[in-house]
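input-v4.cif follows; it contains mmCIF, C-alpha atoms.
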```cif
data_model
loop_
_atom_site.label_atom_id
_atom_site.label_comp_id
_atom_site.auth_asym_id
_atom_site.auth_seq_id
_atom_site.Cartn_x
_atom_site.Cartn_y
_atom_site.Cartn_z
CA MET P 24 13.81 -23.96 -14.86
CA ASN P 25 11.99 -20.97 -16.28
CA GLU P 26 9.49 -23.24 -18.00
CA GLN P 27 8.80 -25.02 -14.71
CA HIS P 28 8.31 -21.68 -13.05
CA ASP P 29 5.98 -20.45 -15.79
CA LEU P 30 3.97 -23.66 -15.53
CA ALA P 31 3.69 -23.33 -11.76
CA ASP P 32 2.61 -19.72 -12.16
CA ALA P 33 0.02 -20.68 -14.75
CA LYS P 34 -1.39 -23.34 -12.42
CA LEU P 35 -1.38 -20.93 -9.50
CA ASP P 36 -3.13 -18.26 -11.52
CA GLY P 37 -5.72 -20.81 -12.60
CA LEU P 38 -6.29 -21.79 -8.98
CA LEU P 39 -6.69 -18.16 -7.94
CA ARG P 40 -9.12 -17.37 -10.76
CA ALA P 41 -11.15 -20.49 -9.93
CA TRP P 42 -11.33 -19.34 -6.31
CA ALA P 43 -12.41 -15.86 -7.39
CA ASP P 44 -15.13 -17.30 -9.64
CA GLU P 45 -16.41 -19.62 -6.92
CA CYS P 46 -16.46 -16.88 -4.31
CA ALA P 47 -18.05 -14.31 -6.59
CA ALA P 48 -21.06 -12.86 -4.86
CA ASP P 49 -24.34 -13.88 -6.40
CA SER P 50 -26.95 -11.23 -7.01
CA PHE P 51 -28.56 -11.95 -3.66
CA GLY P 52 -28.27 -8.80 -1.62
CA GLU P 53 -27.22 -6.67 -4.57
CA ALA P 54 -30.55 -4.90 -4.88
CA GLY P 55 -30.53 -4.06 -1.18
CA LEU P 56 -26.96 -2.80 -1.43
CA LEU P 57 -27.88 -0.58 -4.38
CA ARG P 58 -30.81 0.86 -2.47
CA ALA P 59 -28.60 1.58 0.54
CA ILE P 60 -26.00 3.29 -1.65
CA MET P 61 -28.55 5.49 -3.41
CA ALA P 62 -30.20 6.34 -0.09
CA ALA P 63 -26.83 7.49 1.26
CA ALA P 64 -25.90 9.34 -1.93
CA PRO P 65 -25.62 13.12 -1.58
CA ARG P 66 -28.72 15.03 -2.67
CA ARG P 67 -27.07 18.39 -2.83
CA PRO P 68 -23.76 19.40 -4.42
CA PRO P 69 -20.98 17.27 -2.96
CA GLU P 70 -18.77 18.68 -0.22
CA VAL P 71 -15.47 19.94 -1.41
CA ARG P 72 -13.00 18.49 1.05
CA SER P 73 -10.20 20.92 1.52
CA GLN P 74 -6.85 19.29 2.15
CA ARG P 75 -5.56 22.59 3.46
CA GLY P 76 -7.10 22.05 6.87
CA ALA P 77 -5.44 18.67 7.27
CA TRP P 78 -2.04 19.99 6.14
CA SER P 79 -2.37 23.02 8.42
CA THR P 80 -2.86 20.60 11.29
CA LEU P 81 0.11 18.56 10.16
CA ALA P 82 2.27 21.65 9.66
CA ALA P 83 1.32 22.83 13.15
CA CYS P 84 2.12 19.41 14.54
CA ALA P 85 5.42 19.38 12.71
CA ALA P 86 6.25 22.83 14.05
CA ALA P 87 5.36 21.68 17.55
CA VAL P 88 7.54 18.63 17.25
CA ILE P 89 10.45 20.65 15.88
CA PHE P 90 10.06 23.05 18.80
CA LEU P 91 9.99 20.11 21.18
CA ALA P 92 12.95 18.59 19.42
CA VAL P 93 14.95 21.76 19.98
CA SER P 94 13.78 21.93 23.59
CA PHE P 95 14.79 18.36 24.27
CA ALA P 96 17.84 18.58 22.07
CA ILE P 97 16.69 15.72 19.84
CA PRO P 98 18.85 16.08 16.77
CA LEU P 99 16.99 16.39 13.48
CA SER P 100 19.26 15.61 10.58
CA PRO P 101 21.38 18.66 9.84
CA SER P 102 21.83 19.54 6.21
CA SER P 103 25.13 19.75 4.39
CA VAL P 104 27.19 18.43 7.29
CA SER P 105 30.41 16.90 6.21
CA ARG P 106 31.08 13.43 7.49
CA THR P 107 33.89 11.16 6.51
CA SER P 108 31.82 8.00 6.46
CA ALA P 109 28.06 7.86 6.03
CA LEU P 110 28.01 4.21 6.94
CA ASP P 111 29.52 4.92 10.37
CA SER P 112 27.24 7.87 11.01
CA ALA P 113 24.23 5.90 9.85
CA VAL P 114 24.82 3.46 12.68
CA ALA P 115 25.18 6.36 15.12
CA SER P 116 21.86 7.85 13.90
CA GLN P 117 19.85 4.76 14.83
CA ALA P 118 19.57 5.98 18.41
CA GLY P 119 18.63 9.45 17.19
CA LEU P 120 15.75 8.18 15.06
CA THR P 121 14.56 5.87 17.82
CA GLU P 122 14.49 8.78 20.23
CA LEU P 123 12.73 11.06 17.73
CA TRP P 124 10.05 8.44 17.18
CA SER P 125 9.66 7.83 20.90
CA ARG P 126 9.23 11.54 21.70
CA THR P 127 6.84 12.12 18.83
CA ALA P 128 4.78 9.02 19.65
CA ASP P 129 4.51 10.18 23.27
CA MET P 130 3.05 13.44 22.01
CA PHE P 131 0.59 12.04 19.45
CA GLY P 132 -0.21 8.67 20.96
CA PRO P 133 -1.41 5.71 18.89
CA GLN P 134 -2.72 8.06 16.18
CA LEU P 135 0.83 8.55 14.95
CA ASN P 136 1.10 6.27 11.94
CA TRP P 137 4.41 7.28 10.34
CA LEU P 138 7.15 9.87 10.51
CA CYS P 139 9.53 11.31 7.93
CA ASP P 140 12.46 13.56 8.76
CA LEU P 141 13.75 14.77 5.42
CA ASP P 142 16.99 16.56 6.11
CA GLY P 143 15.40 18.47 8.99
CA GLU P 144 11.98 18.82 7.42
CA LEU P 145 9.55 16.83 9.52
CA LEU P 146 6.40 15.24 8.17
CA LEU P 147 3.97 13.19 10.21
CA GLY P 148 1.21 10.79 9.26
CA VAL P 149 -1.59 10.99 11.81
CA ASP P 150 -4.68 8.82 11.50
CA GLU P 151 -7.65 9.29 13.74
CA GLY P 152 -9.46 6.13 14.76
CA VAL P 153 -6.65 3.83 13.73
CA ALA P 154 -5.98 0.69 15.73
CA THR P 155 -2.71 0.77 17.66
CA ILE P 156 0.15 -0.66 15.65
CA PRO P 157 2.48 -2.78 17.79
CA GLU P 158 6.04 -1.49 17.89
CA HIS P 159 7.35 -4.74 16.47
CA ASP P 160 5.26 -4.06 13.34
CA ARG P 161 7.26 -0.94 12.53
CA ALA P 162 10.29 -0.43 10.34
CA PHE P 163 12.94 2.23 10.88
CA VAL P 164 14.71 3.44 7.76
CA LEU P 165 17.77 5.63 7.32
CA LEU P 166 18.59 6.92 3.86
CA THR P 167 21.78 8.87 3.29
CA VAL P 168 22.92 10.43 0.04
CA ARG P 169 26.63 11.12 -0.09
CA VAL P 170 29.08 12.38 -2.67
CA ARG P 171 32.79 11.78 -2.93
CA ASP P 172 35.20 14.63 -3.35
CA THR P 173 37.29 13.93 -6.45
CA GLN P 174 40.45 15.42 -4.96
CA SER P 175 40.43 14.26 -1.36
CA GLY P 176 38.43 11.10 -1.93
CA ASP P 177 36.39 11.91 1.17
CA TRP P 178 32.67 11.25 1.27
CA SER P 179 30.34 13.97 2.46
CA VAL P 180 26.65 13.70 3.20
CA VAL P 181 24.38 15.90 1.11
CA TRP P 182 20.97 14.68 2.24
CA THR P 183 19.53 12.43 4.90
CA GLY P 184 16.11 10.92 5.26
CA ARG P 185 14.76 9.14 8.29
CA VAL P 186 11.47 7.26 8.17
CA VAL P 187 9.47 5.22 10.64
CA CYS P 188 6.62 3.38 8.98
CA PRO P 189 4.26 0.48 9.64
CA LEU P 190 5.28 -2.76 7.97
CA GLY P 191 3.44 -3.40 4.76
CA GLU P 192 2.26 0.17 4.28
CA ALA P 193 3.68 2.55 1.73
CA VAL P 194 4.71 6.00 2.95
CA ASP P 195 4.92 8.76 0.36
CA PHE P 196 7.14 11.72 1.16
CA VAL P 197 7.94 15.02 -0.51
CA SER P 198 10.64 17.48 0.46
CA ASP P 199 9.80 21.05 -0.45
CA LYS P 200 13.39 22.05 0.28
CA THR P 201 15.09 19.84 -2.28
CA HIS P 202 12.00 19.12 -4.42
CA SER P 203 12.72 15.48 -3.95
CA GLY P 204 10.33 12.80 -2.92
CA GLY P 205 9.59 9.17 -3.00
CA THR P 206 7.85 6.18 -1.59
CA ILE P 207 9.11 3.71 0.98
CA TRP P 208 7.56 0.34 1.73
CA VAL P 209 9.02 -2.26 4.07
CA GLN P 210 7.77 -5.76 4.65
CA SER P 211 9.08 -8.54 6.84
CA ARG P 212 9.55 -12.03 5.47
CA PRO P 213 8.94 -15.29 7.33
CA ASN P 214 12.71 -15.88 7.48
CA GLY P 215 13.10 -12.69 9.51
CA ARG P 216 14.66 -10.65 6.73
CA LEU P 217 13.21 -7.38 5.54
CA VAL P 218 12.24 -6.32 2.06
CA ALA P 219 12.52 -2.59 1.43
CA SER P 220 11.09 -1.05 -1.70
CA HIS P 221 12.05 2.53 -2.50
CA TRP P 222 11.13 4.85 -5.24
CA LEU P 223 13.22 8.02 -5.18
CA ASN P 224 12.66 11.11 -7.27
CA TRP P 225 15.40 13.70 -6.95
CA PRO P 226 15.51 16.23 -9.81
CA GLU P 227 19.00 17.42 -8.82
CA HIS P 228 20.34 13.89 -9.05
CA PRO P 229 18.36 11.97 -11.65
CA GLU P 230 21.15 9.42 -11.82
CA ILE P 231 20.00 7.92 -8.52
CA SER P 232 16.30 8.43 -9.05
CA GLY P 233 14.19 5.39 -9.70
CA SER P 234 12.92 2.33 -7.91
CA VAL P 235 15.02 -0.08 -5.87
CA ASP P 236 13.98 -3.26 -4.10
CA THR P 237 16.33 -4.91 -1.62
CA GLU P 238 16.16 -7.78 0.81
CA VAL P 239 18.28 -7.27 3.92
CA SER P 240 18.74 -8.40 7.47
CA SER P 241 17.47 -6.09 10.18
CA GLY P 242 20.15 -3.50 10.87
CA GLU P 243 22.09 -4.16 7.69
CA THR P 244 23.62 -1.13 5.99
CA ARG P 245 23.79 -1.24 2.22
CA VAL P 246 24.51 1.00 -0.75
CA ILE P 247 21.31 0.79 -2.78
CA ALA P 248 22.13 3.18 -5.60
CA GLU P 249 25.40 4.43 -6.96
CA GLN P 250 26.66 6.45 -9.88
CA ILE P 251 30.30 6.97 -10.72
CA ALA P 252 31.36 9.16 -13.61
CA ASP P 253 34.53 11.15 -14.29
CA GLY P 254 35.77 10.56 -10.78
CA HIS P 255 32.56 11.88 -9.23
CA ALA P 256 30.66 9.38 -7.16
CA ILE P 257 27.26 9.61 -5.54
CA GLN P 258 25.67 6.92 -3.41
CA VAL P 259 22.42 6.26 -1.61
CA VAL P 260 23.03 4.30 1.59
CA GLN P 261 20.18 2.54 3.31
CA GLN P 262 19.81 1.03 6.72
CA VAL P 263 16.58 -0.68 7.75
CA TRP P 264 15.79 -2.26 11.04
CA MET P 265 12.99 -3.36 13.30
CA PRO P 266 13.39 -2.25 16.87
CA HIS P 267 12.94 -5.66 18.48
CA ALA P 268 14.55 -7.83 15.81
CA GLY P 269 17.44 -9.99 16.85
CA MET K 15 -28.89 1.80 -25.62
CA ASN K 16 -25.86 1.28 -23.34
CA ARG K 17 -24.23 4.57 -22.47
CA THR K 18 -20.56 4.70 -21.58
CA ASP K 19 -19.37 5.61 -18.08
CA ALA K 20 -18.32 9.04 -19.34
CA GLU K 21 -21.77 9.63 -20.86
CA LEU K 22 -23.49 8.64 -17.62
CA ILE K 23 -21.26 10.97 -15.60
CA GLU K 24 -22.01 13.80 -18.01
CA ALA K 25 -25.74 13.07 -17.78
CA HIS K 26 -25.47 13.16 -13.98
CA ARG K 27 -23.78 16.55 -14.18
CA ARG K 28 -26.61 17.81 -16.35
CA GLY K 29 -29.03 16.80 -13.62
CA GLU K 30 -30.36 13.46 -14.90
CA ALA K 31 -31.43 11.69 -11.70
CA SER K 32 -31.22 8.08 -12.86
CA ALA K 33 -27.81 8.25 -14.57
CA VAL K 34 -25.79 7.68 -11.44
CA GLU K 35 -27.90 4.71 -10.39
CA VAL K 36 -27.20 3.05 -13.73
CA LEU K 37 -23.49 3.75 -13.21
CA VAL K 38 -23.47 2.23 -9.74
CA ALA K 39 -25.48 -0.83 -10.80
CA ARG K 40 -23.05 -1.41 -13.68
CA HIS K 41 -20.00 -1.61 -11.40
CA LEU K 42 -21.54 -2.89 -8.17
CA ALA K 43 -20.81 -6.61 -8.58
CA ARG K 44 -17.25 -6.02 -9.72
CA VAL K 45 -16.40 -3.73 -6.79
CA ARG K 46 -18.15 -6.08 -4.36
CA ASN K 47 -16.06 -9.01 -5.61
CA LEU K 48 -12.85 -6.96 -5.62
CA LEU K 49 -13.39 -5.91 -2.02
CA PHE K 50 -14.15 -9.47 -0.94
CA GLN K 51 -10.92 -10.61 -2.61
CA LEU K 52 -9.04 -7.95 -0.65
CA VAL K 53 -10.64 -8.25 2.81
CA LEU K 54 -11.77 -11.92 2.64
CA ASP K 55 -14.95 -11.29 4.60
CA ARG K 56 -18.33 -11.11 2.88
CA ASP K 57 -20.07 -8.82 5.37
CA GLU K 58 -17.15 -6.44 5.57
CA ALA K 59 -16.87 -6.42 1.78
CA ASP K 60 -20.52 -5.38 1.48
CA GLU K 61 -20.06 -2.61 4.05
CA LEU K 62 -16.99 -1.34 2.24
CA THR K 63 -18.77 -1.54 -1.12
CA GLN K 64 -21.35 0.87 0.21
CA GLU K 65 -18.58 3.10 1.58
CA VAL K 66 -16.78 3.08 -1.79
CA PHE K 67 -19.79 4.07 -3.84
CA VAL K 68 -20.93 6.73 -1.42
CA SER K 69 -17.41 8.19 -1.67
CA VAL K 70 -17.55 7.92 -5.48
CA LEU K 71 -20.91 9.69 -5.66
CA ARG K 72 -19.73 12.38 -3.25
CA ASN K 73 -16.69 13.11 -5.41
CA LEU K 74 -18.14 12.44 -8.85
CA ASP K 75 -18.32 16.11 -9.78
CA GLY K 76 -14.58 16.36 -9.19
CA PHE K 77 -13.74 13.42 -11.46
CA ARG K 78 -11.87 14.95 -14.37
CA GLY K 79 -11.54 11.88 -16.57
CA GLU K 80 -7.74 11.98 -16.53
CA SER K 81 -7.84 8.26 -15.88
CA ALA K 82 -10.53 5.76 -16.81
CA PHE K 83 -13.50 5.72 -14.46
CA THR K 84 -12.80 2.06 -13.61
CA THR K 85 -9.20 2.92 -12.65
CA TRP K 86 -10.47 5.65 -10.36
CA LEU K 87 -13.07 3.29 -8.93
CA HIS K 88 -10.45 0.59 -8.33
CA ARG K 89 -8.21 3.13 -6.61
CA ILE K 90 -10.98 4.19 -4.22
CA ALA K 91 -11.81 0.53 -3.50
CA VAL K 92 -8.18 -0.38 -2.76
CA ASN K 93 -7.71 2.69 -0.53
CA THR K 94 -10.92 1.90 1.32
CA ALA K 95 -9.74 -1.67 1.92
CA ARG K 96 -6.38 -0.34 3.10
CA GLN K 97 -8.01 2.01 5.61
CA ALA K 98 -10.28 -0.76 6.81
CA ALA K 99 -7.27 -3.03 7.33
CA ARG K 100 -5.72 -0.42 9.63
CA ARG K 101 -8.93 -0.21 11.64
CA THR K 102 -9.36 -3.95 12.01
CA ARG K 103 -5.76 -5.14 12.12
CA SER K 104 -6.55 -7.92 14.56
CA LYS K 105 -8.78 -9.58 11.99
CA ARG K 106 -6.05 -9.90 9.39
CA ASN K 107 -5.62 -13.63 9.64
CA GLU K 108 -9.22 -14.50 10.33
CA VAL K 109 -10.68 -16.60 7.58
CA THR K 110 -14.42 -16.55 7.10
CA ARG K 111 -16.28 -18.81 4.80
CA ALA K 112 -17.32 -17.22 1.56
CA ALA K 113 -19.75 -19.98 0.68
CA ARG K 114 -23.41 -19.36 0.30
CA ALA K 115 -25.87 -21.85 1.79
CA SER K 116 -24.41 -25.24 1.03
CA PRO K 117 -25.60 -28.79 1.51
CA ASP K 118 -24.63 -30.80 4.57
CA GLU K 119 -20.93 -31.47 4.07
CA ALA K 120 -21.17 -34.92 5.66
CA LEU K 121 -23.42 -36.01 2.77
CA ALA K 122 -21.70 -33.92 0.05
CA PRO K 123 -20.06 -35.80 -2.78
CA GLU K 124 -16.30 -36.19 -2.53
CA ALA K 125 -15.71 -33.74 -5.38
CA GLU K 126 -17.61 -31.03 -3.54
CA LEU K 127 -15.59 -31.67 -0.38
CA ILE K 128 -12.33 -31.43 -2.28
CA ARG K 129 -13.46 -28.21 -3.93
CA SER K 130 -14.48 -26.80 -0.57
CA GLU K 131 -11.08 -27.66 0.92
CA GLN K 132 -9.33 -26.11 -2.03
CA ARG K 133 -11.41 -22.95 -1.69
CA ASP K 134 -10.59 -22.66 2.01
CA GLY K 135 -6.93 -23.39 1.33
CA VAL K 136 -6.66 -20.62 -1.24
CA GLN K 137 -8.47 -18.20 1.05
CA GLN K 138 -6.19 -19.02 3.98
CA ALA K 139 -3.13 -18.58 1.78
CA LEU K 140 -4.41 -15.19 0.59
CA ALA K 141 -5.14 -14.18 4.18
CA LYS K 142 -1.49 -14.77 5.08
CA LEU K 143 -0.31 -12.22 2.53
CA SER K 144 0.08 -8.58 3.51
CA LEU K 145 -2.49 -6.31 1.91
CA PRO K 146 -0.07 -4.83 -0.67
CA LEU K 147 0.93 -8.30 -1.85
CA ARG K 148 -2.63 -9.60 -1.84
CA SER K 149 -3.78 -6.51 -3.69
CA ALA K 150 -1.11 -7.02 -6.36
CA VAL K 151 -2.29 -10.54 -7.14
CA VAL K 152 -5.99 -9.64 -6.84
CA LEU K 153 -5.70 -6.73 -9.26
CA THR K 154 -3.54 -8.49 -11.87
CA VAL K 155 -4.61 -12.14 -11.73
CA MET K 156 -8.24 -11.97 -10.60
CA GLN K 157 -9.31 -8.57 -11.88
CA GLY K 158 -7.21 -8.85 -15.05
CA LEU K 159 -5.47 -5.48 -14.83
CA SER K 160 -2.09 -5.02 -16.46
CA ALA K 161 0.83 -4.40 -14.12
CA GLY K 162 0.88 -0.78 -15.28
CA ASP K 163 -2.80 -0.26 -14.52
CA ALA K 164 -2.45 -2.03 -11.16
CA ALA K 165 0.51 0.23 -10.32
CA GLU K 166 -1.62 3.26 -11.19
CA VAL K 167 -4.42 2.01 -8.93
CA GLU K 168 -2.00 1.40 -6.08
CA GLY K 169 -0.09 4.61 -6.66
CA CYS K 170 3.25 2.82 -6.80
CA PRO K 171 5.97 2.51 -9.46
CA ILE K 172 5.52 -0.33 -11.91
CA GLY K 173 8.76 -1.89 -10.70
CA THR K 174 7.30 -2.14 -7.23
CA MET K 175 4.15 -3.73 -8.62
CA TYR K 176 6.22 -6.34 -10.51
CA TRP K 177 8.10 -7.10 -7.33
CA ARG K 178 4.90 -7.47 -5.33
CA MET K 179 3.42 -9.79 -7.94
CA HIS K 180 6.56 -11.90 -7.93
CA GLU K 181 6.72 -12.07 -4.14
CA ALA K 182 3.00 -12.78 -3.75
CA ARG K 183 3.17 -15.62 -6.29
CA ARG K 184 6.25 -17.06 -4.60
CA LEU K 185 4.53 -17.12 -1.20
CA LEU K 186 1.29 -18.51 -2.62
CA ARG K 187 3.11 -21.23 -4.59
CA ASP K 188 4.73 -22.28 -1.34
CA GLU K 189 1.44 -22.31 0.59
CA LEU K 190 -0.54 -24.04 -2.14
CA LYS K 191 2.02 -26.46 -3.52
CA GLY K 192 -0.23 -29.38 -2.63
CA TRP K 193 -2.86 -28.04 -5.03
CA ILE K 194 -0.50 -27.00 -7.79
CA GLU K 195 1.83 -30.00 -8.15
#
```
Final C-alpha cells representation of the file:
Amino acid sequence: MNEQHDLADAKLDGLLRAWADECAADSFGEAGLLRAIMAAAPRRPPEVRSQRGAWSTLAACAAAVIFLAVSFAIPLSPSSVSRTSALDSAVASQAGLTELWSRTADMFGPQLNWLCDLDGELLLGVDEGVATIPEHDRAFVLLTVRVRDTQSGDWSVVWTGRVVCPLGEAVDFVSDKTHSGGTIWVQSRPNGRLVASHWLNWPEHPEISGSVDTEVSSGETRVIAEQIADGHAIQVVQQVWMPHAG
Amino acid sequence: MNRTDAELIEAHRRGEASAVEVLVARHLARVRNLLFQLVLDRDEADELTQEVFVSVLRNLDGFRGESAFTTWLHRIAVNTARQAARRTRSKRNEVTRAARASPDEALAPEAELIRSEQRDGVQQALAKLSLPLRSAVVLTVMQGLSAGDAAEVEGCPIGTMYWRMHEARRLLRDELKGWIE
C-alpha cells in the first residue's frame, strides 16, 4: 500500500514538475520587467516602516472594542473562572463569540479580517483594501485549557481563546498576559468537514505546546491535547464551526 | 567573476550602483516562475514580481542575513501572493492559459494536444487548492525546497507544512488520477 502511494506521489510530482517546466516564463518580457523594477527602486535611503503606528491603531481599536463590549455587555472570556465542564461551557460560548464578532464587524466593516480574544485580551486583524470575505468563508474557533483538581476531580478552566479567521488563512496570536501564543489555520474540505491546524506555545505548560492537526465536523468539540501525570491532568479542548454549516 | 548574494548586498551597501541590478537579474526568473505557480496568471505574476523586488530593494538595508537571501526572497514572494489573493478573491478559480504563442490547435499534432490538455488539467487542479496548500506543493515539489525551508518561508511549524503537503498531494492525486494511473 505504501509502495503504491509512493509511486503515485512520484508520478504526481513528475507531472507537477513537467507543468512547471512547460509554464516557465521565457526571457521575453524579462528585460522590460527588470527596467521597471530598477526604475521603481528607491534612490534614497529606504523608508523605515515603523510597526508601532500600526499596533497603536490596533491597540486603540482593541481598547474601543473592549469599551464597547463592556457597554453592550458582550462577555469577553473571563480569566481563572472555575467551571465544572469546559465542554458544556464551550457550547454555551458559541453565541458569545458570534455576538462579539458581529459587534466588532459592525464597527470595522469589511476591513476586519480576523479576531482573537485571548482570555480577555483582544487582538484584531484589520486590512485596508481587502475584498469582503463572505461569512460562510469564516471559521469560529474556541480553545479552552482546563486542569483537573487531583482531590475533587473537578475540571477548572485556566485559559480560553476565541478566534474568528478566514478559511485557509493562518492567524498568528500572542498573549502578553500569559506569554503564550500560536498559530491557527482552518480549512474546509469538499466533504464538508473542517481541518484545523494549531501550533500552541505556552511556556507555563510546555506539555501541551506543539502542533496539532485535526479533522472535525463543524461544531464538534474535541480534546486536542492532553497530559496526565501523577493525578494531574491538563487538556486543550477545541471547538470549530462555520456559522452557516449544517 | 560571480559574486555571491551576500557580496552583492554588501557592495550595494557600500554604494556600488550596479550591484543590486545584478542581484535582481539573478533571481528575477525564479521569482517570476514562483509567483506564476502561486497565482496561476501570467500578467498578475509579472505585476507581483515587480512588487516583490521593489519591496526587496526598499528593505535591503534591513536584511541582516539571519536567513539565506533566497529564503527571505521566497518569503516576500509568498506573502505578496497571499495579499494579492485577498484582494482578488473572486479570481481564485479562474484559470488562464500560461502558453505563449502556439500554433493553431486544430492543426497541432496529437501529442501537442494531449500535452496542452495535461497542462490545463494540472493548472485547473492547482487552482482548486487553497493558497496554503498550493504554496506547500509549489515550494517543495516545484521549487525544490525542503519541508523545513518551506515551513520557514511560510512561517508555520514543520508539522503543519508536512500536513499541507500531504493534503495537497491527496487532493491533486484525486483530481489528476486520469494522468497518473
I need the output of the PyMOL selection byres ((chain P) within 7 of (chain K)) for this file as a PDB file with C-alpha atoms, keeping the file's coordinate frame; which residues are they?
```pdb
ATOM      1  CA  ALA P  31       3.690 -23.330 -11.760  1.00  0.00           C
ATOM      2  CA  LYS P  34      -1.390 -23.340 -12.420  1.00  0.00           C
ATOM      3  CA  LEU P  35      -1.380 -20.930  -9.500  1.00  0.00           C
ATOM      4  CA  ASP P  36      -3.130 -18.260 -11.520  1.00  0.00           C
ATOM      5  CA  LEU P  39      -6.690 -18.160  -7.940  1.00  0.00           C
ATOM      6  CA  ARG P  40      -9.120 -17.370 -10.760  1.00  0.00           C
ATOM      7  CA  TRP P  42     -11.330 -19.340  -6.310  1.00  0.00           C
ATOM      8  CA  ALA P  43     -12.410 -15.860  -7.390  1.00  0.00           C
ATOM      9  CA  CYS P  46     -16.460 -16.880  -4.310  1.00  0.00           C
ATOM     10  CA  ALA P  47     -18.050 -14.310  -6.590  1.00  0.00           C
ATOM     11  CA  ALA P  48     -21.060 -12.860  -4.860  1.00  0.00           C
ATOM     12  CA  LEU P  56     -26.960  -2.800  -1.430  1.00  0.00           C
ATOM     13  CA  LEU P  57     -27.880  -0.580  -4.380  1.00  0.00           C
ATOM     14  CA  ILE P  60     -26.000   3.290  -1.650  1.00  0.00           C
ATOM     15  CA  ALA P  63     -26.830   7.490   1.260  1.00  0.00           C
ATOM     16  CA  ALA P  64     -25.900   9.340  -1.930  1.00  0.00           C
ATOM     17  CA  PRO P  65     -25.620  13.120  -1.580  1.00  0.00           C
ATOM     18  CA  PRO P  69     -20.980  17.270  -2.960  1.00  0.00           C
ATOM     19  CA  VAL P 153      -6.650   3.830  13.730  1.00  0.00           C
ATOM     20  CA  ALA P 154      -5.980   0.690  15.730  1.00  0.00           C
ATOM     21  CA  GLY P 191       3.440  -3.400   4.760  1.00  0.00           C
ATOM     22  CA  SER P 220      11.090  -1.050  -1.700  1.00  0.00           C
ATOM     23  CA  SER P 234      12.920   2.330  -7.910  1.00  0.00           C
TER      24      SER P 234
END
```
Q) Hey, can you check how far CA of Ser149 in chain K sits from CA of Asp29 in chain P? A)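 CA of Asp29 in chain P lies 20.9 Å from CA of Ser149 in chain K.
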List, as a PDB file with C-alpha atoms, keeping the file's coordinate frame, every residue that the PyMOL selection byres ((chain P and resi 160) around 10) selects in the file provided.
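Dumped everything to part30.pdb:
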```
ATOM      1  CA  ILE P 156       0.150  -0.660  15.650  1.00  0.00           C
ATOM      2  CA  PRO P 157       2.480  -2.780  17.790  1.00  0.00           C
ATOM      3  CA  GLU P 158       6.040  -1.490  17.890  1.00  0.00           C
ATOM      4  CA  HIS P 159       7.350  -4.740  16.470  1.00  0.00           C
ATOM      5  CA  ARG P 161       7.260  -0.940  12.530  1.00  0.00           C
ATOM      6  CA  ALA P 162      10.290  -0.430  10.340  1.00  0.00           C
ATOM      7  CA  CYS P 188       6.620   3.380   8.980  1.00  0.00           C
ATOM      8  CA  PRO P 189       4.260   0.480   9.640  1.00  0.00           C
ATOM      9  CA  LEU P 190       5.280  -2.760   7.970  1.00  0.00           C
ATOM     10  CA  GLY P 191       3.440  -3.400   4.760  1.00  0.00           C
ATOM     11  CA  GLN P 210       7.770  -5.760   4.650  1.00  0.00           C
ATOM     12  CA  SER P 211       9.080  -8.540   6.840  1.00  0.00           C
ATOM     13  CA  MET P 265      12.990  -3.360  13.300  1.00  0.00           C
ATOM     14  CA  PRO P 266      13.390  -2.250  16.870  1.00  0.00           C
ATOM     15  CA  HIS P 267      12.940  -5.660  18.480  1.00  0.00           C
TER      16      HIS P 267
END
```
Q: Run the PyMOL selection byres ((chain K and resi 83) around 12) against the file shown and list the residues it catches, as a VMD selection string.
A: chain K and resid 18 to 23 37 to 38 40 to 41 70 74 76 to 82 84 to 90 167
Keeping C-alpha atoms, export the residues of the selection given above as a PDB file, keeping the file's coordinate frame.
```pdb
ATOM      1  CA  THR K  18     -20.560   4.700 -21.580  1.00  0.00           C
ATOM      2  CA  ASP K  19     -19.370   5.610 -18.080  1.00  0.00           C
ATOM      3  CA  ALA K  20     -18.320   9.040 -19.340  1.00  0.00           C
ATOM      4  CA  GLU K  21     -21.770   9.630 -20.860  1.00  0.00           C
ATOM      5  CA  LEU K  22     -23.490   8.640 -17.620  1.00  0.00           C
ATOM      6  CA  ILE K  23     -21.260  10.970 -15.600  1.00  0.00           C
ATOM      7  CA  LEU K  37     -23.490   3.750 -13.210  1.00  0.00           C
ATOM      8  CA  VAL K  38     -23.470   2.230  -9.740  1.00  0.00           C
ATOM      9  CA  ARG K  40     -23.050  -1.410 -13.680  1.00  0.00           C
ATOM     10  CA  HIS K  41     -20.000  -1.610 -11.400  1.00  0.00           C
ATOM     11  CA  VAL K  70     -17.550   7.920  -5.480  1.00  0.00           C
ATOM     12  CA  LEU K  74     -18.140  12.440  -8.850  1.00  0.00           C
ATOM     13  CA  GLY K  76     -14.580  16.360  -9.190  1.00  0.00           C
ATOM     14  CA  PHE K  77     -13.740  13.420 -11.460  1.00  0.00           C
ATOM     15  CA  ARG K  78     -11.870  14.950 -14.370  1.00  0.00           C
ATOM     16  CA  GLY K  79     -11.540  11.880 -16.570  1.00  0.00           C
ATOM     17  CA  GLU K  80      -7.740  11.980 -16.530  1.00  0.00           C
ATOM     18  CA  SER K  81      -7.840   8.260 -15.880  1.00  0.00           C
ATOM     19  CA  ALA K  82     -10.530   5.760 -16.810  1.00  0.00           C
ATOM     20  CA  THR K  84     -12.800   2.060 -13.610  1.00  0.00           C
ATOM     21  CA  THR K  85      -9.200   2.920 -12.650  1.00  0.00           C
ATOM     22  CA  TRP K  86     -10.470   5.650 -10.360  1.00  0.00           C
ATOM     23  CA  LEU K  87     -13.070   3.290  -8.930  1.00  0.00           C
ATOM     24  CA  HIS K  88     -10.450   0.590  -8.330  1.00  0.00           C
ATOM     25  CA  ARG K  89      -8.210   3.130  -6.610  1.00  0.00           C
ATOM     26  CA  ILE K  90     -10.980   4.190  -4.220  1.00  0.00           C
ATOM     27  CA  VAL K 167      -4.420   2.010  -8.930  1.00  0.00           C
TER      28      VAL K 167
END
```
Q.
What's the separation between CA of Ser125 in chain P and CA of Val164 in chain P, in Å to one decimal place?
A. 14.7 Å
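Note that CA of Arg58 in chain P and CA of Arg27 in chain K are 20.8 Å apart.
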Q: Can you pull out every residue within 12 Å of Val263 in chain P, counting all atoms listed in the file, but drop anything in the same chain fewer than 5 positions away, and send it as an MDAnalysis selection string?
A: chainID P and resid 113:114 116:117 120 161:167 184:188 190 207:211 216:221 237:247 268
